[in-house]
Amino acid sequence: MLVVVVGTLLSCLAGHAQLSETTPTYYRDILPILQKHCEVCHRTGGIAPISFGNYEVARQYAAAIRVVTENKSMPPWFAAAGIGRFSNDPSLSSEEIATLAAWAAAKAPAGDWHDAPAPRGWATGWSIPRPDMVVKMTQAVKLPASGDVDYTYEIVPTHFAEDRWVQMAEVLPSARGNVHHAVVYIRPPNSNWLRHAPMGEAFTAETLKDAEDRRGAHWTDSDVLLVYAPGSSPDEWPATMAKFVPAGSDLVFQMHYTTNGKSVADQSSVGMVFAKQLPTQRVLTLQLTNDHFVIPPGADNFRVEARGTLPNDATLLSFFPHMHLRGKRFEYNLVGHAPAQESSGKSRGGARESQIETLLRVNYHFHWQMSYRLAEPRLLKAGTELQAVAWYDNSSNNSHNPDPTAAVRWGEQTYDEMMIGFFDVAVAANLDKTRYFHAIK
């Protein structure tokens, strides 16, 4: 036994001595990359099932890490290269990709643990810093193993005794695998939206008795605290900007659940970090939506667009495109604006029309519905026209397509389709959504 132990030790020492000074090691070279680009998901308590903060785990996946980083499927990012710059882009540099590949090729050496960077301070379960307040759905929603689940709502009081400015916010589902998306709305105390709906218990549009409430469950212009989908980033605004929640407001959770073969219950929460100083600008979530379309059976590149004009100045901050299983591509454009570097003056249909500048083009992925934050917020003057364009693949070439023979219309279930181009803007601190759209320029 002694001979075996000594032999093993000598072998390890020999392997360590053979490492070149330029050979990447886990603690010195790899862990910093994983912390920066991967740990938001791949950590203890994160959304991913594997934590790369442990050397033995990371070593086992070294070859897989090399493959997915070289083919750029990880970290997930779907914005087309060369169009816009985004502050939350997790993409690796070519040097970082090469370092991960060299580490895998060298049999994933650990190196000296003294070289490890300081751990990142993640709050348990959250990607934002530890929330100042967590609002949790009062009642858990029981979900069946199969079948459709209608959009489910819960209204939860904040009990805010004073106005609050929310600097960061994040939705944390308790049944992540069943939440297709969630929207958390702000209902101020003077709002009549869903006024007769029950408080603190789950309901759907069909269970509401009041006709106006039923209509409100399908469409509202209430302010949005945040939108969540798997892969989306939490809201995190600069120090001078925040979302506004009036004293006495309720939060309305709109939950789109899907079934996956197991009966579970979800009781989602929203965590909030409050602004430390009074912001000078209020963040509003707006949207470009087209709900009047029919995608023909078999169509592999069907185009749908929506346009809108800003009535007042606003600073454009970020985008969040939303589609369903047939989503293929999505882009946001400025219409009537000549980009500095290029101006064709032609529409994509061939007819001459206003000049278009593309701000974001996304190669859509249903399972990674991401938000995209501009690296440099952009001032848009009153009268600016924005265009959102979505393309759909309803053909048999789309592996996600549930039925290529069906004509597809707007609907709430994933086998239906949606076309929503959410976008965030910053406006004067005293403007809510209604005042922004009706204030005199």
# chains A, B, ... in the order shown; residues from 1 in each chain; ligands from 1
$ residues_around --residues "A:Phe274" --least-positions-apart "3" --cutoff "8 Å" --atoms "only C-alpha atoms" --output "ChimeraX atom specification"
/A:132,164-168
$ residues_around --residues "A:Arg307" --least-positions-apart "6" --cutoff "8 Å" --atoms "only C-alpha atoms" --output "list in words"
Leu288, Glu385, Leu386, Gln387 and Ala388 of chain A
$ write_last_selection --atoms "all heavy atoms" --output "compact mmCIF listing (two decimals), in the first residue's frame"
# COMPACT_ATOMS: atom_id res chain seq x y z
N LEU A 288 -44.32 47.41 -28.31
CA LEU A 288 -44.86 47.41 -29.67
C LEU A 288 -45.48 46.04 -29.89
O LEU A 288 -44.79 45.02 -29.78
CB LEU A 288 -43.76 47.68 -30.70
CG LEU A 288 -43.11 49.06 -30.63
CD1 LEU A 288 -41.83 49.09 -31.45
CD2 LEU A 288 -44.07 50.14 -31.12
N GLU A 385 -40.18 57.48 -34.52
CA GLU A 385 -40.99 56.29 -34.81
C GLU A 385 -40.12 55.04 -34.64
O GLU A 385 -39.03 54.95 -35.20
CB GLU A 385 -41.54 56.33 -36.23
CG GLU A 385 -42.48 55.17 -36.53
CD GLU A 385 -43.10 55.23 -37.91
OE1 GLU A 385 -42.63 56.04 -38.75
OE2 GLU A 385 -44.05 54.47 -38.17
N LEU A 386 -40.64 54.10 -33.86
CA LEU A 386 -39.98 52.82 -33.68
C LEU A 386 -40.76 51.72 -34.38
O LEU A 386 -41.99 51.77 -34.45
CB LEU A 386 -39.84 52.47 -32.19
CG LEU A 386 -38.79 53.26 -31.41
CD1 LEU A 386 -39.45 54.46 -30.74
CD2 LEU A 386 -38.13 52.40 -30.37
N GLN A 387 -40.03 50.75 -34.86
CA GLN A 387 -40.62 49.61 -35.55
C GLN A 387 -40.07 48.32 -34.95
O GLN A 387 -38.87 48.21 -34.70
CB GLN A 387 -40.27 49.66 -37.04
CG GLN A 387 -40.75 48.47 -37.86
CD GLN A 387 -40.06 48.39 -39.22
OE1 GLN A 387 -38.83 48.46 -39.29
NE2 GLN A 387 -40.83 48.28 -40.28
N ALA A 388 -40.96 47.40 -34.69
CA ALA A 388 -40.55 46.04 -34.30
C ALA A 388 -40.99 45.10 -35.41
O ALA A 388 -42.12 45.20 -35.92
CB ALA A 388 -41.20 45.64 -32.98
$ closest_residue --among "A:Thr124, A:Thr405, A:Thr358, A:Asn71" --to "A:Arg43" --atoms "only C-alpha atoms"
A:Thr124
$ residues_around --residues "A:Lys142" --least-positions-apart "4" --cutoff "9 Å" --atoms "only C-alpha atoms" --output "list of chain:residue names"
A:Ser263, A:Val264, A:Ala265, A:Asp266
$ atom_distance --atom1 "atom CA of A:Gly111" --atom2 "atom CA of A:Thr25"
5.0 Å
$ select_by_dssp --residues "stretch 55-119 of chain A" --states "helix (DSSP H, G or I)" --output "VMD selection string"
chain A and resid 55 to 60 62 to 70 94 to 105 113 to 115
$ residues_around --residues "stretch 117-123 of chain A" --least-positions-apart "4" --cutoff "8 Å" --atoms "only C-alpha atoms" --output "list in words"
Tyr27, Arg28, Leu31, Pro32, Gln35, Ser127, Ile128, Pro129 and Arg130 of chain A
$ write_last_selection --atoms "N, CA and C atoms" --output "CSV table (one decimal), in the first residue's frame"
chain,number,residue,atom,x,y,z
A,27,TYR,N,-7.4,27.6,-11.0
A,27,TYR,CA,-7.5,28.7,-10.0
A,27,TYR,C,-7.0,30.0,-10.5
A,28,ARG,N,-6.0,30.0,-11.3
A,28,ARG,CA,-5.4,31.3,-11.8
A,28,ARG,C,-6.1,31.8,-13.0
A,31,LEU,N,-11.1,30.0,-13.4
A,31,LEU,CA,-12.1,30.4,-12.4
A,31,LEU,C,-12.5,31.9,-12.6
A,32,PRO,N,-11.5,32.8,-12.9
A,32,PRO,CA,-12.0,34.2,-13.2
A,32,PRO,C,-12.9,34.3,-14.4
A,35,GLN,N,-16.3,32.9,-13.3
A,35,GLN,CA,-17.0,33.8,-12.4
A,35,GLN,C,-17.6,34.9,-13.2
A,127,SER,N,-29.9,36.8,-8.3
A,127,SER,CA,-28.8,37.3,-9.2
A,127,SER,C,-28.5,38.8,-8.8
A,128,ILE,N,-29.5,39.5,-8.3
A,128,ILE,CA,-29.3,40.8,-7.8
A,128,ILE,C,-28.7,40.7,-6.4
A,129,PRO,N,-28.2,41.8,-5.8
A,129,PRO,CA,-27.8,41.8,-4.4
A,129,PRO,C,-29.0,41.5,-3.5
A,130,ARG,N,-28.7,41.2,-2.3
A,130,ARG,CA,-29.7,40.8,-1.4
A,130,ARG,C,-30.9,41.8,-1.4
$ residues_around --residues "A:Thr152" --least-positions-apart "2" --cutoff "6 Å" --atoms "only C-alpha atoms" --output "PyMOL selection string"
chain A and resi 150+203-204+254-255
$ residues_around --residues "A:Val252" --least-positions-apart "3" --cutoff "12 Å" --atoms "only C-alpha atoms" --output "PyMOL selection string"
chain A and resi 135-138+152-158+182-188+193-195+197-203+216-217+220+222-227+249+255+268-270
$ atom_distance --atom1 "atom CA of A:Ala428" --atom2 "atom CA of A:Gln355"
28.8 Å
$ select_by_dssp --residues "stretch 22-251 of chain A" --states "strand (DSSP E or B)" --output "PyMOL selection string"
chain A and resi 79+86+133-136+141-143+152-157+164-172+179-187+203+224-228+235-236+241-245+250-251
$ write_last_selection --atoms "N, CA and C atoms" --output "compact mmCIF listing (two decimals), in the first residue's frame"
# COMPACT_ATOMS: atom_id res chain seq x y z
N ALA A 79 -28.09 38.11 -29.89
CA ALA A 79 -28.05 39.33 -30.68
C ALA A 79 -27.07 39.15 -31.84
N PHE A 86 -24.17 46.03 -26.13
CA PHE A 86 -25.07 45.78 -25.02
C PHE A 86 -24.27 45.48 -23.75
N MET A 133 -36.52 44.08 -0.08
CA MET A 133 -37.86 43.57 0.22
C MET A 133 -38.21 42.48 -0.79
N VAL A 134 -38.87 41.43 -0.32
CA VAL A 134 -39.35 40.36 -1.18
C VAL A 134 -40.87 40.28 -1.03
N VAL A 135 -41.57 40.34 -2.15
CA VAL A 135 -43.02 40.16 -2.17
C VAL A 135 -43.31 38.82 -2.81
N LYS A 136 -43.97 37.96 -2.07
CA LYS A 136 -44.23 36.59 -2.52
C LYS A 136 -45.71 36.40 -2.78
N VAL A 141 -49.72 28.13 -6.52
CA VAL A 141 -50.59 27.71 -7.62
C VAL A 141 -50.29 26.25 -7.94
N LYS A 142 -51.27 25.40 -7.82
CA LYS A 142 -51.10 23.98 -8.13
C LYS A 142 -51.23 23.78 -9.63
N LEU A 143 -50.20 23.13 -10.21
CA LEU A 143 -50.15 22.94 -11.65
C LEU A 143 -50.28 21.45 -11.97
N THR A 152 -52.59 32.87 -15.18
CA THR A 152 -52.98 32.88 -13.78
C THR A 152 -52.49 34.17 -13.13
N TYR A 153 -53.36 34.78 -12.33
CA TYR A 153 -53.05 36.06 -11.68
C TYR A 153 -53.11 35.91 -10.16
N GLU A 154 -52.28 36.70 -9.49
CA GLU A 154 -52.42 36.91 -8.06
C GLU A 154 -52.11 38.37 -7.76
N ILE A 155 -52.95 38.98 -6.94
CA ILE A 155 -52.75 40.36 -6.52
C ILE A 155 -52.25 40.35 -5.08
N VAL A 156 -51.07 40.95 -4.88
CA VAL A 156 -50.44 40.93 -3.57
C VAL A 156 -50.17 42.37 -3.13
N PRO A 157 -50.66 42.79 -1.97
CA PRO A 157 -50.39 44.15 -1.50
C PRO A 157 -48.94 44.33 -1.10
N ARG A 164 -42.00 54.30 -3.24
CA ARG A 164 -40.73 53.58 -3.34
C ARG A 164 -40.20 53.68 -4.77
N TRP A 165 -38.88 53.85 -4.87
CA TRP A 165 -38.19 53.80 -6.15
C TRP A 165 -37.38 52.51 -6.18
N VAL A 166 -37.62 51.68 -7.18
CA VAL A 166 -37.01 50.35 -7.26
C VAL A 166 -35.86 50.40 -8.26
N GLN A 167 -34.63 50.22 -7.72
CA GLN A 167 -33.42 50.28 -8.54
C GLN A 167 -33.16 48.96 -9.25
N MET A 168 -33.44 47.84 -8.57
CA MET A 168 -33.24 46.51 -9.13
C MET A 168 -34.44 45.64 -8.76
N ALA A 169 -34.76 44.71 -9.64
CA ALA A 169 -35.86 43.79 -9.36
C ALA A 169 -35.62 42.48 -10.09
N GLU A 170 -36.08 41.41 -9.48
CA GLU A 170 -35.90 40.08 -10.07
C GLU A 170 -37.06 39.19 -9.65
N VAL A 171 -37.58 38.42 -10.60
CA VAL A 171 -38.60 37.41 -10.30
C VAL A 171 -37.91 36.08 -10.01
N LEU A 172 -38.34 35.41 -8.95
CA LEU A 172 -37.77 34.13 -8.58
C LEU A 172 -38.90 33.10 -8.47
N VAL A 179 -42.57 27.88 -15.54
CA VAL A 179 -42.89 29.29 -15.79
C VAL A 179 -42.37 29.68 -17.16
N HIS A 180 -43.29 29.81 -18.10
CA HIS A 180 -42.92 30.25 -19.46
C HIS A 180 -42.54 31.71 -19.45
N HIS A 181 -43.34 32.53 -18.78
CA HIS A 181 -42.95 33.92 -18.52
C HIS A 181 -43.85 34.49 -17.43
N ALA A 182 -43.41 35.59 -16.87
CA ALA A 182 -44.19 36.29 -15.85
C ALA A 182 -44.06 37.80 -16.09
N VAL A 183 -45.15 38.51 -15.85
CA VAL A 183 -45.12 39.97 -15.86
C VAL A 183 -45.67 40.43 -14.51
N VAL A 184 -44.91 41.28 -13.83
CA VAL A 184 -45.36 41.84 -12.55
C VAL A 184 -45.75 43.29 -12.79
N TYR A 185 -47.04 43.57 -12.60
CA TYR A 185 -47.58 44.91 -12.83
C TYR A 185 -47.70 45.66 -11.52
N ILE A 186 -47.67 47.00 -11.63
CA ILE A 186 -47.88 47.88 -10.48
C ILE A 186 -49.32 48.41 -10.55
N ARG A 187 -50.11 48.14 -9.52
CA ARG A 187 -51.48 48.67 -9.47
C ARG A 187 -51.55 49.69 -8.34
N PHE A 203 -56.35 33.47 -9.62
CA PHE A 203 -57.55 33.49 -10.45
C PHE A 203 -57.16 33.59 -11.91
N VAL A 224 -45.47 48.44 -15.66
CA VAL A 224 -44.84 47.14 -15.46
C VAL A 224 -43.65 47.31 -14.52
N LEU A 225 -43.59 46.49 -13.48
CA LEU A 225 -42.39 46.49 -12.64
C LEU A 225 -41.27 45.76 -13.36
N LEU A 226 -41.54 44.56 -13.85
CA LEU A 226 -40.56 43.86 -14.68
C LEU A 226 -41.20 42.68 -15.38
N VAL A 227 -40.50 42.20 -16.43
CA VAL A 227 -40.91 41.04 -17.22
C VAL A 227 -39.86 39.96 -17.02
N TYR A 228 -40.31 38.73 -16.84
CA TYR A 228 -39.39 37.61 -16.63
C TYR A 228 -39.67 36.51 -17.65
N ASP A 235 -33.88 43.31 -13.74
CA ASP A 235 -33.79 44.75 -13.98
C ASP A 235 -32.75 45.36 -13.06
N GLU A 236 -31.92 46.20 -13.62
CA GLU A 236 -30.86 46.87 -12.85
C GLU A 236 -30.59 48.21 -13.52
N MET A 241 -31.83 56.47 -12.21
CA MET A 241 -33.08 55.97 -12.79
C MET A 241 -33.65 54.85 -11.93
N ALA A 242 -34.98 54.71 -11.91
CA ALA A 242 -35.61 53.62 -11.16
C ALA A 242 -37.08 53.50 -11.58
N LYS A 243 -37.67 52.36 -11.24
CA LYS A 243 -39.12 52.17 -11.39
C LYS A 243 -39.81 52.76 -10.16
N PHE A 244 -41.00 53.31 -10.36
CA PHE A 244 -41.72 53.98 -9.28
C PHE A 244 -42.90 53.14 -8.85
N VAL A 245 -43.00 52.90 -7.52
CA VAL A 245 -44.14 52.18 -6.95
C VAL A 245 -44.79 53.08 -5.91
N ASP A 250 -50.49 47.70 -5.08
CA ASP A 250 -50.45 46.25 -5.13
C ASP A 250 -49.55 45.82 -6.28
N LEU A 251 -48.98 44.64 -6.17
CA LEU A 251 -48.29 44.02 -7.30
C LEU A 251 -49.18 42.93 -7.85
$ residues_around --residues "A:Trp368" --least-positions-apart "4" --cutoff "12 Å" --atoms "only C-alpha atoms" --output "ChimeraX atom specification"
/A:73-79,180-181,228-233,320-325,327,362-364
$ closest_residue --among "A:Val40, A:Ala102, A:Leu431, A:Leu359" --to "A:Arg282" --atoms "only C-alpha atoms"
A:Leu431
$ atom_distance --atom1 "atom CA of A:Pro189" --atom2 "atom CA of A:Ala247"
7.8 Å
$ closest_residue --among "A:His218, A:Lys107, A:His114, A:His438" --to "A:Asp291" --atoms "only C-alpha atoms"
A:His218
$ closest_atom_pairs --of "stretch 34-141 of chain A" --to "stretch 374-382 of chain A" --cutoff "10 Å" --atoms "only C-alpha atoms" --output "tab-separated table"
residue	atom	partner	partner_atom	distance
A:Gly84	CA	A:Leu374	CA	7.4
A:Arg85	CA	A:Ala375	CA	5.5
A:Phe86	CA	A:Ala375	CA	4.4
A:Ser87	CA	A:Ala375	CA	4.4
A:Asn88	CA	A:Ala375	CA	7.9
A:Asp89	CA	A:Ala375	CA	9.2
$ closest_residue --among "A:Gly383, A:Arg214, A:Gly53, A:Lys276" --to "A:Thr309" --atoms "only C-alpha atoms"
A:Gly383
$ closest_residue --among "A:Gln267, A:Glu206, A:Gly82, A:Ile97" --to "A:Ser174" --atoms "only C-alpha atoms"
A:Gln267
